[in-house]
>>> print(open('input_7.txt').read())   # compact mmCIF, C-alpha atoms
# COMPACT_ATOMS: atom_id res chain seq x y z
CA MET A 1 130.74 146.93 92.82
CA SER A 2 132.91 149.70 91.41
CA ALA A 3 133.39 151.16 94.90
CA GLN A 4 135.00 147.91 96.06
CA THR A 5 137.28 147.43 93.05
CA PRO A 6 140.22 149.54 94.39
CA SER A 7 140.42 147.36 97.49
CA ARG A 8 141.22 144.18 95.55
CA PRO A 9 144.95 144.93 95.15
CA ALA A 10 145.11 145.68 98.87
CA VAL A 11 143.53 142.31 99.64
CA ALA A 12 146.03 140.51 97.44
CA ALA A 13 148.88 142.48 99.00
CA HIS A 14 148.33 140.81 102.35
CA GLY A 15 150.78 138.07 101.41
CA TRP A 16 153.42 135.98 103.04
CA VAL A 17 156.25 138.41 102.32
CA GLN A 18 154.59 141.23 104.25
CA ALA A 19 153.62 138.84 107.04
CA LEU A 20 157.23 137.68 107.27
CA ALA A 21 158.45 141.27 107.37
CA THR A 22 155.98 142.05 110.16
CA VAL A 23 157.03 139.07 112.27
CA LEU A 24 160.76 139.59 111.74
CA THR A 25 160.55 143.30 112.50
CA GLY A 26 158.67 142.65 115.72
CA LEU A 27 161.05 139.89 116.80
CA VAL A 28 164.18 141.91 115.98
CA THR A 29 162.82 144.93 117.84
CA MET A 30 162.16 142.86 120.95
CA GLY A 31 165.58 141.23 120.69
CA VAL A 32 167.38 144.57 120.39
CA VAL A 33 165.51 146.09 123.36
CA ALA A 34 166.16 142.97 125.47
CA ALA A 35 169.84 142.82 124.46
CA LEU A 36 170.46 146.49 125.27
CA GLY A 37 168.68 146.15 128.61
CA LEU A 38 170.59 143.02 129.57
CA TRP A 39 173.85 144.61 128.44
CA ALA A 40 173.16 147.61 130.68
CA ALA A 41 172.41 145.18 133.52
CA GLY A 42 175.81 143.53 133.08
CA ALA A 43 174.71 140.28 131.46
CA ALA A 44 177.04 140.66 128.48
CA ASP A 45 179.85 139.05 130.51
CA LEU A 46 178.05 135.73 130.97
CA PRO A 47 180.33 132.74 130.31
CA ASP A 48 179.92 129.99 127.70
CA ASN A 49 178.42 132.37 125.14
CA GLY A 50 175.32 132.57 127.28
CA PHE A 51 174.31 136.14 126.46
CA PRO A 52 172.38 135.41 123.21
CA ARG A 53 170.50 132.59 124.93
CA VAL A 54 169.55 134.84 127.83
CA VAL A 55 168.29 137.40 125.31
CA ALA A 56 166.18 134.69 123.65
CA ALA A 57 164.78 133.65 127.04
CA THR A 58 163.95 137.29 127.86
CA VAL A 59 162.03 137.69 124.60
CA ALA A 60 160.20 134.41 125.28
CA THR A 61 159.05 135.60 128.71
CA ALA A 62 158.03 138.96 127.21
CA VAL A 63 155.34 137.25 125.10
CA GLY A 64 154.06 135.07 127.95
CA GLY A 65 156.50 132.19 127.63
CA THR A 66 157.69 130.10 130.54
CA VAL A 67 161.37 129.86 131.45
CA GLU A 68 162.19 127.12 133.94
CA LEU A 69 165.27 127.47 136.16
CA SER A 70 167.17 124.38 137.21
CA GLY A 71 169.99 123.64 139.63
CA ASN A 72 172.30 120.66 140.01
CA ALA A 73 174.68 120.68 142.94
CA GLY A 74 175.40 116.96 143.23
CA ALA A 75 174.30 114.36 145.76
CA LEU A 76 175.71 116.28 148.74
CA ALA A 77 174.03 119.55 147.97
CA GLU A 78 170.61 121.05 147.41
CA SER A 79 169.61 123.96 145.23
CA ASP A 80 166.40 125.78 144.55
CA ALA A 81 165.48 128.48 142.05
CA GLY A 82 162.42 129.96 140.38
CA LEU A 83 161.55 132.97 138.24
CA THR A 84 158.28 134.50 137.13
CA VAL A 85 158.48 137.96 135.62
CA VAL A 86 157.41 139.63 132.39
CA PRO A 87 159.85 142.28 131.04
CA LEU A 88 157.11 144.65 129.94
CA SER A 89 159.45 147.09 128.16
CA VAL A 90 160.28 144.31 125.70
CA THR A 91 156.61 143.31 125.53
CA LEU A 92 155.47 146.86 124.78
CA ALA A 93 158.09 147.40 122.06
CA GLY A 94 157.12 144.19 120.28
CA ALA A 95 153.40 144.90 120.57
CA LEU A 96 153.71 148.36 119.04
CA VAL A 97 155.80 147.13 116.10
CA LEU A 98 153.62 144.10 115.37
CA ALA A 99 150.43 146.16 115.59
CA ALA A 100 151.83 148.74 113.16
CA GLY A 101 152.87 146.02 110.72
CA PHE A 102 149.47 144.36 110.95
CA LEU A 103 147.56 147.58 110.33
CA ARG A 104 149.74 149.00 107.56
CA PRO A 105 148.20 147.06 104.62
CA LEU A 106 144.69 147.79 105.99
CA ARG A 107 144.98 151.56 106.06
CA HIS A 108 142.73 153.75 103.92
CA ARG A 109 139.99 151.13 104.02
CA ALA A 110 136.47 151.61 105.31
CA VAL A 111 135.24 148.02 105.62
CA ALA A 112 137.02 144.67 105.42
CA GLY A 113 135.50 141.24 105.34
CA ALA A 114 135.95 138.89 108.27
CA GLY A 115 137.58 136.31 106.00
CA GLU A 116 140.14 138.83 104.76
CA LEU A 117 141.11 139.93 108.26
CA ALA A 118 141.29 136.33 109.46
CA GLY A 119 143.48 135.33 106.53
CA TRP A 120 145.87 138.21 107.05
CA ALA A 121 146.10 137.47 110.78
CA ALA A 122 146.55 133.73 110.12
CA ARG A 123 149.60 134.34 107.92
CA ILE A 124 151.22 136.36 110.69
CA ALA A 125 150.23 133.73 113.28
CA VAL A 126 151.77 130.83 111.32
CA LEU A 127 155.09 132.63 110.96
CA TRP A 128 154.92 133.76 114.57
CA VAL A 129 154.56 130.16 115.76
CA ILE A 130 157.64 129.17 113.74
CA ALA A 131 159.55 132.07 115.29
CA LEU A 132 158.44 131.05 118.79
CA LEU A 133 159.59 127.49 118.21
CA ALA A 134 163.02 128.66 117.11
CA LEU A 135 163.19 131.09 120.03
CA SER A 136 162.17 128.47 122.59
CA LEU A 137 164.62 125.86 121.37
CA SER A 138 167.52 128.32 121.49
CA ALA A 139 166.68 129.73 124.95
CA ARG A 140 168.46 127.17 127.13
CA GLN A 141 171.81 127.29 128.91
CA THR A 142 173.70 125.83 131.91
CA PHE A 143 176.30 127.72 133.93
CA SER A 144 178.80 126.36 136.48
CA LEU A 145 179.14 128.25 139.78
CA SER A 146 182.23 128.59 141.93
CA LEU A 147 181.72 128.16 145.67
CA ASP A 148 184.71 130.40 146.40
CA GLY A 149 182.76 133.58 145.89
CA LEU A 150 179.62 132.64 147.79
CA GLY A 151 180.76 134.02 151.14
CA GLU A 152 181.28 131.02 153.46
CA ASP A 153 184.75 129.47 153.83
CA ALA A 154 183.43 126.19 155.23
CA LEU A 155 181.09 125.83 152.29
CA SER A 156 183.96 126.34 149.82
CA GLU A 157 186.22 123.86 151.60
CA ILE A 158 183.54 121.17 151.71
CA GLY A 159 182.78 121.75 148.06
CA ASP A 160 186.46 121.28 147.17
CA LEU A 161 186.74 118.17 149.38
CA PHE A 162 183.76 116.35 147.88
CA GLY A 163 184.07 117.75 144.38
CA VAL A 164 180.76 119.60 144.55
CA SER A 165 180.37 121.91 141.55
CA PRO A 166 176.93 123.49 141.53
CA GLU A 167 175.31 124.31 138.22
CA VAL A 168 172.39 126.52 137.38
CA GLY A 169 170.60 126.73 134.11
CA PHE A 170 167.39 127.59 132.36
CA THR A 171 165.23 126.03 129.71
CA THR A 172 162.13 127.27 127.95
CA ASP A 173 158.90 125.32 128.11
CA VAL A 174 158.28 125.03 124.37
CA PRO A 175 154.54 124.11 124.35
CA ALA A 176 153.66 126.75 126.96
CA THR A 177 155.71 129.42 125.19
CA VAL A 178 154.08 128.70 121.83
CA PHE A 179 150.58 128.60 123.33
CA PHE A 180 150.82 131.77 125.40
CA GLY A 181 152.85 133.53 122.72
CA LEU A 182 150.06 132.84 120.24
CA LEU A 183 147.47 134.15 122.70
CA TRP A 184 149.61 137.25 123.20
CA LEU A 185 149.78 137.81 119.43
CA ALA A 186 146.00 137.42 119.12
CA GLY A 187 145.52 140.00 121.86
CA VAL A 188 147.90 142.43 120.15
CA LEU A 189 146.15 142.12 116.77
CA VAL A 190 142.66 142.46 118.25
CA MET A 191 143.72 145.48 120.28
CA ALA A 192 145.27 147.03 117.16
CA LEU A 193 141.94 146.77 115.36
CA LEU A 194 140.10 148.22 118.35
CA VAL A 195 142.44 151.15 118.89
CA SER A 196 142.98 152.30 115.30
CA ARG A 197 140.05 154.38 114.08
CA GLY A 198 141.30 154.02 110.51
CA ALA A 199 141.45 150.21 110.53
CA PRO A 200 138.57 148.48 108.73
CA LEU A 201 136.12 146.21 110.48
CA PRO A 202 133.65 143.67 109.13
CA GLY A 203 130.27 145.25 108.47
CA ARG A 204 128.59 143.32 111.30
CA LEU A 205 130.96 144.81 113.87
CA LEU A 206 130.69 148.45 112.83
CA ARG A 207 127.93 149.14 115.34
CA PHE A 208 130.29 148.29 118.22
CA GLN A 209 133.05 150.70 117.29
CA GLU A 210 131.24 153.75 118.68
CA SER A 211 131.52 152.42 122.24
CA VAL A 212 134.58 150.16 122.10
CA ARG A 213 137.13 151.98 119.97
CA PRO A 214 137.23 155.31 121.87
CA ALA A 215 137.60 153.51 125.20
CA ALA A 216 140.32 151.18 123.89
CA TYR A 217 142.22 154.11 122.41
CA ALA A 218 141.98 156.02 125.70
CA MET A 219 143.38 153.09 127.68
CA VAL A 220 146.34 152.61 125.34
CA ALA A 221 147.03 156.34 125.50
CA LEU A 222 146.84 156.20 129.30
CA LEU A 223 149.32 153.31 129.53
CA LEU A 224 151.74 154.99 127.13
CA ALA A 225 151.45 158.27 129.03
CA TYR A 226 152.52 156.52 132.23
CA VAL A 227 155.49 155.00 130.41
CA VAL A 228 156.52 158.43 129.10
CA VAL A 229 156.26 159.91 132.60
CA GLY A 230 158.31 157.00 133.91
CA VAL A 231 161.01 157.56 131.29
CA VAL A 232 161.26 161.24 132.20
CA ILE A 233 161.56 160.43 135.92
CA ALA A 234 164.14 157.72 135.22
CA LEU A 235 166.28 160.07 133.15
CA VAL A 236 166.13 162.72 135.86
CA VAL A 237 167.18 160.13 138.44
CA ALA A 238 170.04 158.96 136.22
CA ALA A 239 171.24 162.54 135.74
CA THR A 240 171.00 163.59 139.39
CA ARG A 241 171.78 160.43 141.37
CA GLY A 242 174.16 158.55 139.10
CA HIS A 243 174.05 154.84 138.17
CA PRO A 244 173.02 155.55 134.55
CA THR A 245 173.61 152.01 133.28
CA GLU A 246 171.36 150.49 135.95
CA THR A 247 168.69 153.08 135.16
CA PHE A 248 168.82 152.33 131.44
CA ALA A 249 168.54 148.63 132.25
CA VAL A 250 165.30 149.37 134.08
CA ILE A 251 164.02 151.51 131.21
CA LEU A 252 164.75 148.87 128.59
CA LEU A 253 163.54 145.86 130.59
CA GLY A 254 160.95 146.75 133.19
CA LEU A 255 159.89 150.40 133.19
CA PRO A 256 156.20 149.62 132.44
CA ASN A 257 156.29 147.15 135.35
CA LEU A 258 156.99 150.08 137.67
CA ALA A 259 154.97 152.74 135.86
CA TRP A 260 151.80 150.66 135.65
CA LEU A 261 152.29 149.52 139.24
CA ALA A 262 152.20 153.20 140.17
CA LEU A 263 148.95 153.59 138.22
CA THR A 264 147.23 150.90 140.30
CA ILE A 265 148.64 152.18 143.59
CA GLY A 266 147.45 155.71 142.78
CA LEU A 267 143.95 154.28 142.33
CA GLY A 268 144.14 152.77 145.83
CA ALA A 269 145.27 149.22 145.07
CA THR A 270 147.40 147.16 147.43
CA TRP A 271 150.18 144.75 146.47
CA ASP A 272 151.70 142.17 148.79
CA GLY A 273 155.42 141.68 148.48
CA ARG A 274 158.75 140.76 149.99
CA VAL A 275 162.41 141.40 149.27
CA ASP A 276 164.94 139.14 150.97
CA GLY A 277 168.61 138.37 150.40
CA ALA A 278 170.61 139.95 147.62
CA PHE A 279 167.55 140.83 145.59
CA GLY A 280 166.62 144.46 145.31
CA LEU A 281 164.32 146.69 143.36
CA PRO A 282 166.40 149.07 141.20
CA MET A 283 164.04 152.03 141.18
CA PRO A 284 162.75 153.68 143.26
CA HIS A 285 164.60 152.78 146.47
CA VAL A 286 161.58 153.27 148.72
CA LEU A 287 159.98 150.10 147.31
CA ASP A 288 162.92 148.10 148.61
CA GLU A 289 162.62 149.78 152.00
CA VAL A 290 158.93 148.95 152.33
CA LEU A 291 159.21 145.34 151.22
CA ARG A 292 162.46 144.27 152.90
CA GLY A 293 162.57 142.73 156.37
CA GLN A 294 159.02 141.35 156.59
CA ASP A 295 157.50 138.00 155.70
CA VAL A 296 154.76 139.74 153.72
CA ALA A 297 154.60 143.52 153.41
CA GLU A 298 151.81 145.63 151.98
CA LEU A 299 152.66 148.07 149.22
CA ASN A 300 150.09 150.87 148.92
CA LEU A 301 149.73 154.61 149.31
CA GLY A 302 149.74 154.35 153.10
CA THR A 303 152.95 152.35 153.46
CA LEU A 304 154.74 154.34 150.78
CA GLY A 305 153.56 157.63 152.28
CA GLU A 306 155.01 156.65 155.67
CA HIS A 307 158.48 156.54 154.10
CA ASP A 308 158.08 159.51 151.77
CA GLY A 309 155.06 161.78 151.74
CA ARG A 310 155.63 162.70 148.10
CA TRP A 311 154.10 159.36 147.10
CA TRP A 312 150.67 160.82 147.83
CA TRP A 313 151.15 162.84 144.65
CA LEU A 314 150.32 159.60 142.81
CA VAL A 315 146.66 160.36 143.55
CA ALA A 316 146.91 163.69 141.75
CA VAL A 317 148.86 162.19 138.83
CA ASP A 318 146.25 159.44 138.47
CA ALA A 319 143.41 161.95 138.60
CA VAL A 320 144.93 164.19 135.92
CA LEU A 321 145.87 161.40 133.52
CA LEU A 322 142.60 159.52 133.98
CA LEU A 323 140.60 162.67 133.39
CA ALA A 324 142.67 163.38 130.27
CA ALA A 325 142.05 159.82 129.02
CA ALA A 326 138.33 160.18 129.68
CA PHE A 327 138.27 163.49 127.81
CA VAL A 328 140.03 161.90 124.82
CA MET A 329 137.56 159.02 124.89
CA ALA A 330 134.59 161.39 124.94
CA ARG A 331 136.05 163.49 122.10
CA ARG A 332 136.37 160.39 119.92
CA SER A 333 132.83 159.24 120.74
CA PRO A 334 129.60 160.35 119.03
CA ALA A 335 128.23 163.61 120.43
CA ARG A 336 124.87 161.98 121.18
CA MET A 337 126.38 159.91 124.01
CA ARG A 338 125.52 161.10 127.47
CA ALA A 339 127.94 161.69 130.32
CA TRP A 340 126.81 158.62 132.27
CA GLN A 341 127.47 156.45 129.22
CA HIS A 342 131.01 157.78 129.05
CA GLY A 343 131.34 156.91 132.72
CA VAL A 344 130.23 153.31 132.13
CA HIS A 345 132.55 152.88 129.14
CA MET A 346 135.50 154.35 131.05
CA ALA A 347 134.80 152.18 134.10
CA VAL A 348 134.70 148.94 132.13
CA ALA A 349 137.78 149.83 130.10
CA LEU A 350 139.81 150.90 133.15
CA ALA A 351 138.77 147.80 135.12
CA LEU A 352 139.94 145.54 132.29
CA THR A 353 143.18 147.51 132.01
CA VAL A 354 143.91 147.21 135.73
CA LEU A 355 143.08 143.50 135.61
CA MET A 356 145.63 143.09 132.81
CA ILE A 357 148.25 144.98 134.85
CA CYS A 358 147.59 142.76 137.87
CA LEU A 359 148.02 139.60 135.80
CA LEU A 360 151.14 140.76 133.97
CA GLY A 361 152.74 142.59 136.90
CA ARG A 362 153.06 139.58 139.20
CA THR A 363 156.71 138.98 140.03
CA HIS A 364 158.41 136.10 141.79
CA ALA A 365 162.09 135.18 141.96
CA GLN A 366 163.97 132.96 144.37
CA TYR A 367 167.26 131.11 144.64
CA GLY A 368 169.12 129.10 147.27
CA LEU A 369 172.07 126.73 147.80
CA SER A 370 172.98 124.39 150.65
CA VAL A 371 175.92 121.95 150.91
CA LEU A 372 175.70 119.37 153.74
CA GLY A 373 173.27 121.69 155.49
CA ILE A 374 175.69 124.65 155.37
CA GLY A 375 174.17 127.57 153.59
CA ASP A 376 170.46 127.98 154.20
CA LEU A 377 168.29 127.89 151.10
CA GLY A 378 166.59 130.98 152.42
CA GLY A 379 169.50 132.64 154.22
CA ASP A 380 172.71 134.31 153.14
CA LEU A 381 173.02 132.04 150.12
CA GLY A 382 169.40 132.48 149.15
CA GLY A 383 166.96 135.21 148.39
CA GLU A 384 163.40 135.87 147.39
CA LEU A 385 161.46 138.65 145.74
CA PHE A 386 157.75 138.65 145.00
CA LEU A 387 154.92 141.05 144.23
CA ARG A 388 151.29 140.01 143.96
CA PRO A 389 148.22 142.25 143.84
CA HIS A 390 144.91 142.25 145.65
CA VAL A 391 143.23 141.80 142.30
CA TRP A 392 139.56 142.39 142.97
CA THR A 393 140.19 145.35 145.25
CA ALA A 394 142.25 146.94 142.49
CA VAL A 395 139.53 146.23 139.91
CA GLY A 396 136.91 147.71 142.24
CA PHE A 397 138.86 150.95 142.64
CA ALA A 398 139.31 151.05 138.86
CA LEU A 399 135.55 150.75 138.32
CA LEU A 400 134.90 153.59 140.74
CA GLY A 401 137.65 155.81 139.32
CA GLY A 402 136.51 155.09 135.77
CA LEU A 403 132.91 156.01 136.52
CA VAL A 404 133.87 159.35 138.06
CA THR A 405 136.49 160.41 135.51
CA GLY A 406 134.45 159.12 132.57
CA PHE A 407 131.44 161.16 133.67
CA LEU A 408 133.54 164.29 134.18
CA GLY A 409 135.36 163.78 130.90
CA GLY A 410 132.03 163.52 129.11
CA LEU A 411 130.91 166.80 130.63
CA LEU A 412 134.15 168.56 129.66
CA ALA A 413 133.97 167.31 126.07
CA ARG A 414 130.31 168.19 125.56
CA PRO A 415 130.82 171.81 124.36
CA LEU A 416 133.51 170.77 121.86
CA ARG A 417 133.20 169.39 118.38
CA HIS A 418 133.28 165.58 118.36
CA ARG A 419 135.27 163.72 115.77
CA GLY A 420 133.90 160.30 116.63
CA GLU A 421 130.71 160.30 114.61
CA VAL A 422 130.50 157.11 112.57
CA ALA A 423 128.35 156.93 109.47
CA VAL A 424 127.48 153.28 109.84
CA GLY A 425 124.94 153.25 107.09
CA ALA A 426 127.28 154.88 104.58
CA GLN A 427 130.16 152.53 105.41
CA GLY A 428 127.92 149.50 105.34
>>> encode(input="input_7.txt", output="structure tokens")
Amino acid sequence: MSAQTPSRPAVAAHGWVQALATVLTGLVTMGVVAALGLWAAGAADLPDNGFPRVVAATVATAVGGTVELSGNAGALAESDAGLTVVPLSVTLAGALVLAAGFLRPLRHRAVAGAGELAGWAARIAVLWVIALLALSLSARQTFSLSLDGLGEDALSEIGDLFGVSPEVGFTTDVPATVFFGLLWLAGVLVMALLVSRGAPLPGRLLRFQESVRPAAYAMVALLLAYVVVGVVIALVVAATRGHPTETFAVILLGLPNLAWLALTIGLGATWDGRVDGAFGLPMPHVLDEVLRGQDVAELNLGTLGEHDGRWWWLVAVDAVLLLAAAFVMARRSPARMRAWQHGVHMAVALALTVLMICLLGRTHAQYGLSVLGIGDLGGDLGGELFLRPHVWTAVGFALLGGLVTGFLGGLLARPLRHRGEVAVGAQG
């Protein structure tokens, strides 16, 4: 009993004030990253005070929310628009801050009861739902478009004659945003408990931490390593090829989208895609070259290598970083684990990670406008961009790559001292 007495103040400290601070810090961080990225992309000049609402919509999509685009061009016109994309830079920033805030009151603890952890998470979840409601209700805006700048004189003249004034806008699906935002929060908090070796677990779950925690930590380290590599490459591109504001917009909004796409392609995955109209991929340019001009183009090592042979280096980068992640996993695991067990753990963890990337990395955007049949919805006044993975092929390559690198990582870590031994009996 005396050994548990010091933990009582920590249990009581998990109150509403700290939960509110955690939620607000996470939300503000995501808002700042989104605002800076949108500012670098040129969205600060939006009319009708639309910039704050676009920032709110960006944060909503970053946590899994749904933003619905709408168009109203009058009875003589037709419009079409759609957008599905997750700004993973904003997502990653919010996840890291929320996870740190969730774990902070739990540090220096060996074991925590399931009720305590559930209560602490529930406080954060309640306040998070309130924040999502406020975010969703504020993320809506309508903009009026001028036909003069759309490139066809006949279209502008007809619009002036019949008084056609097209409008585009966006609204946030409140129920979907709250539901998926809550699922996203649950995933962040669970992953925080799995990754942090110092976070307490209920006594019944301690036996799982030897196999789950090292693999989860290795996958988070792998994803962050790819982001760091992507930041370095982006900064080099900005310094040597110009366009720094566009590059910073990519870093602050969608760098993990590109970095983690490269991870899957280096493993051998294939993505189908298309770029049409004014849409373009900001970095690197070769992606735009591969995807533009075809109904459906394949994006993989073969097609990228045809345009630039340096893309084959992705295989080497994947091999080095995966082997490093497997080595870290093995070092954090008990020394009694065999190499084939490390291979199995790495394979399962990498397959789940690639599956997550495939689900979050899907991208689709389209727009179009036609007045009295002038201006094709898919032509000069329209455009489309999409990326979708061959999911199960990607997962299969991840299983194979995880088995090989996990086995090799286990062999490399065997002669070294392991720090992952867990005294389950003593903690229980």
>>> residues_around(input="input_7.txt", residues="stretch 31-38 of chain A", least_positions_apart="6", cutoff="7 Å", atoms="only C-alpha atoms", output="short mmCIF file (atom, residue, chain, number, x, y, z; two decimals) with C-alpha atoms, in the frame of the given file")
data_model
loop_
_atom_site.label_atom_id
_atom_site.label_comp_id
_atom_site.auth_asym_id
_atom_site.auth_seq_id
_atom_site.Cartn_x
_atom_site.Cartn_y
_atom_site.Cartn_z
CA ALA A 44 177.04 140.66 128.48
CA VAL A 55 168.29 137.40 125.31
CA THR A 58 163.95 137.29 127.86
CA VAL A 59 162.03 137.69 124.60
CA VAL A 90 160.28 144.31 125.70
CA PHE A 248 168.82 152.33 131.44
CA ALA A 249 168.54 148.63 132.25
CA LEU A 252 164.75 148.87 128.59
CA LEU A 253 163.54 145.86 130.59
#
>>> closest_residue(input="input_7.txt", among="A:Ala413, A:Val54, A:Leu92, A:Val275", to="A:Trp39", atoms="all atoms listed in the file")
A:Val54
>>> atom_distance(input="input_7.txt", atom1="atom CA of A:Thr29", atom2="atom CA of A:Val236")
25.5 Å
>>> atom_distance(input="input_7.txt", atom1="atom CA of A:Ala192", atom2="atom CA of A:Leu132")
20.8 Å
>>> closest_atom_pairs(input="input_7.txt", of="stretch 216-272 of chain A", to="stretch 389-411 of chain A", cutoff="9 Å", atoms="only C-alpha atoms", output="CSV")
residue,atom,partner,partner_atom,distance
A:Thr264,CA,A:Ala394,CA,6.7
A:Ile265,CA,A:Ala394,CA,8.3
A:Leu267,CA,A:Phe397,CA,6.1
A:Gly268,CA,A:Phe397,CA,6.4
A:Ala269,CA,A:Ala394,CA,4.6
A:Thr270,CA,A:His390,CA,5.8
A:Trp271,CA,A:Pro389,CA,4.1
A:Asp272,CA,A:Pro389,CA,6.1
>>> closest_residue(input="input_7.txt", among="A:Gly230, A:Gly115, A:Gly101, A:Gly181", to="A:Val129", atoms="only C-alpha atoms")
A:Gly181
>>> closest_residue(input="input_7.txt", among="A:Leu127, A:Leu387, A:Ala95, A:Leu201", to="A:Ala21", atoms="only C-alpha atoms")
A:Leu127
>>> closest_residue(input="input_7.txt", among="A:Arg310, A:Leu235, A:Phe170, A:Leu263", to="A:Val354", atoms="all atoms listed in the file")
A:Leu263
>>> decode(input="input_7.txt", residues="stretch 224-274 of chain A", atoms="C-alpha atoms", output="PDB file, in the first residue's frame")
ATOM      1  CA  LEU A 224       9.590  10.716 -38.421  1.00  0.00           C
ATOM      2  CA  ALA A 225      12.919   9.860 -40.057  1.00  0.00           C
ATOM      3  CA  TYR A 226      11.286  10.048 -43.484  1.00  0.00           C
ATOM      4  CA  VAL A 227       9.797  13.427 -42.591  1.00  0.00           C
ATOM      5  CA  VAL A 228      13.209  14.721 -41.495  1.00  0.00           C
ATOM      6  CA  VAL A 229      14.786  13.496 -44.736  1.00  0.00           C
ATOM      7  CA  GLY A 230      11.965  15.157 -46.659  1.00  0.00           C
ATOM      8  CA  VAL A 231      12.517  18.463 -44.848  1.00  0.00           C
ATOM      9  CA  VAL A 232      16.235  18.390 -45.670  1.00  0.00           C
ATOM     10  CA  ILE A 233      15.542  17.678 -49.347  1.00  0.00           C
ATOM     11  CA  ALA A 234      12.872  20.394 -49.477  1.00  0.00           C
ATOM     12  CA  LEU A 235      15.216  22.975 -47.979  1.00  0.00           C
ATOM     13  CA  VAL A 236      17.940  22.054 -50.451  1.00  0.00           C
ATOM     14  CA  VAL A 237      15.454  22.401 -53.311  1.00  0.00           C
ATOM     15  CA  ALA A 238      14.295  25.782 -51.997  1.00  0.00           C
ATOM     16  CA  ALA A 239      17.891  27.003 -51.734  1.00  0.00           C
ATOM     17  CA  THR A 240      19.042  25.760 -55.140  1.00  0.00           C
ATOM     18  CA  ARG A 241      15.960  26.020 -57.373  1.00  0.00           C
ATOM     19  CA  GLY A 242      14.083  28.963 -55.903  1.00  0.00           C
ATOM     20  CA  HIS A 243      10.345  29.174 -55.101  1.00  0.00           C
ATOM     21  CA  PRO A 244      10.921  29.159 -51.320  1.00  0.00           C
ATOM     22  CA  THR A 245       7.361  30.133 -50.382  1.00  0.00           C
ATOM     23  CA  GLU A 246       5.860  27.267 -52.385  1.00  0.00           C
ATOM     24  CA  THR A 247       8.356  24.872 -50.820  1.00  0.00           C
ATOM     25  CA  PHE A 248       7.505  26.023 -47.300  1.00  0.00           C
ATOM     26  CA  ALA A 249       3.818  25.597 -48.135  1.00  0.00           C
ATOM     27  CA  VAL A 250       4.530  21.966 -48.987  1.00  0.00           C
ATOM     28  CA  ILE A 251       6.554  21.474 -45.803  1.00  0.00           C
ATOM     29  CA  LEU A 252       3.853  22.936 -43.576  1.00  0.00           C
ATOM     30  CA  LEU A 253       0.877  21.284 -45.269  1.00  0.00           C
ATOM     31  CA  GLY A 254       1.776  18.071 -47.043  1.00  0.00           C
ATOM     32  CA  LEU A 255       5.390  16.990 -46.624  1.00  0.00           C
ATOM     33  CA  PRO A 256       4.492  13.653 -44.927  1.00  0.00           C
ATOM     34  CA  ASN A 257       2.118  12.984 -47.837  1.00  0.00           C
ATOM     35  CA  LEU A 258       5.126  12.982 -50.153  1.00  0.00           C
ATOM     36  CA  ALA A 259       7.680  11.482 -47.772  1.00  0.00           C
ATOM     37  CA  TRP A 260       5.517   8.524 -46.780  1.00  0.00           C
ATOM     38  CA  LEU A 261       4.487   8.044 -50.411  1.00  0.00           C
ATOM     39  CA  ALA A 262       8.197   7.636 -51.152  1.00  0.00           C
ATOM     40  CA  LEU A 263       8.438   5.033 -48.372  1.00  0.00           C
ATOM     41  CA  THR A 264       5.768   2.859 -50.002  1.00  0.00           C
ATOM     42  CA  ILE A 265       7.184   3.298 -53.506  1.00  0.00           C
ATOM     43  CA  GLY A 266      10.649   2.314 -52.282  1.00  0.00           C
ATOM     44  CA  LEU A 267       9.122  -0.909 -50.951  1.00  0.00           C
ATOM     45  CA  GLY A 268       7.721  -1.649 -54.418  1.00  0.00           C
ATOM     46  CA  ALA A 269       4.176  -0.298 -54.118  1.00  0.00           C
ATOM     47  CA  THR A 270       2.239   1.152 -57.038  1.00  0.00           C
ATOM     48  CA  TRP A 271      -0.124   4.124 -56.952  1.00  0.00           C
ATOM     49  CA  ASP A 272      -2.596   4.996 -59.692  1.00  0.00           C
ATOM     50  CA  GLY A 273      -2.991   8.672 -60.419  1.00  0.00           C
ATOM     51  CA  ARG A 274      -3.783  11.474 -62.805  1.00  0.00           C
TER      52      ARG A 274
END
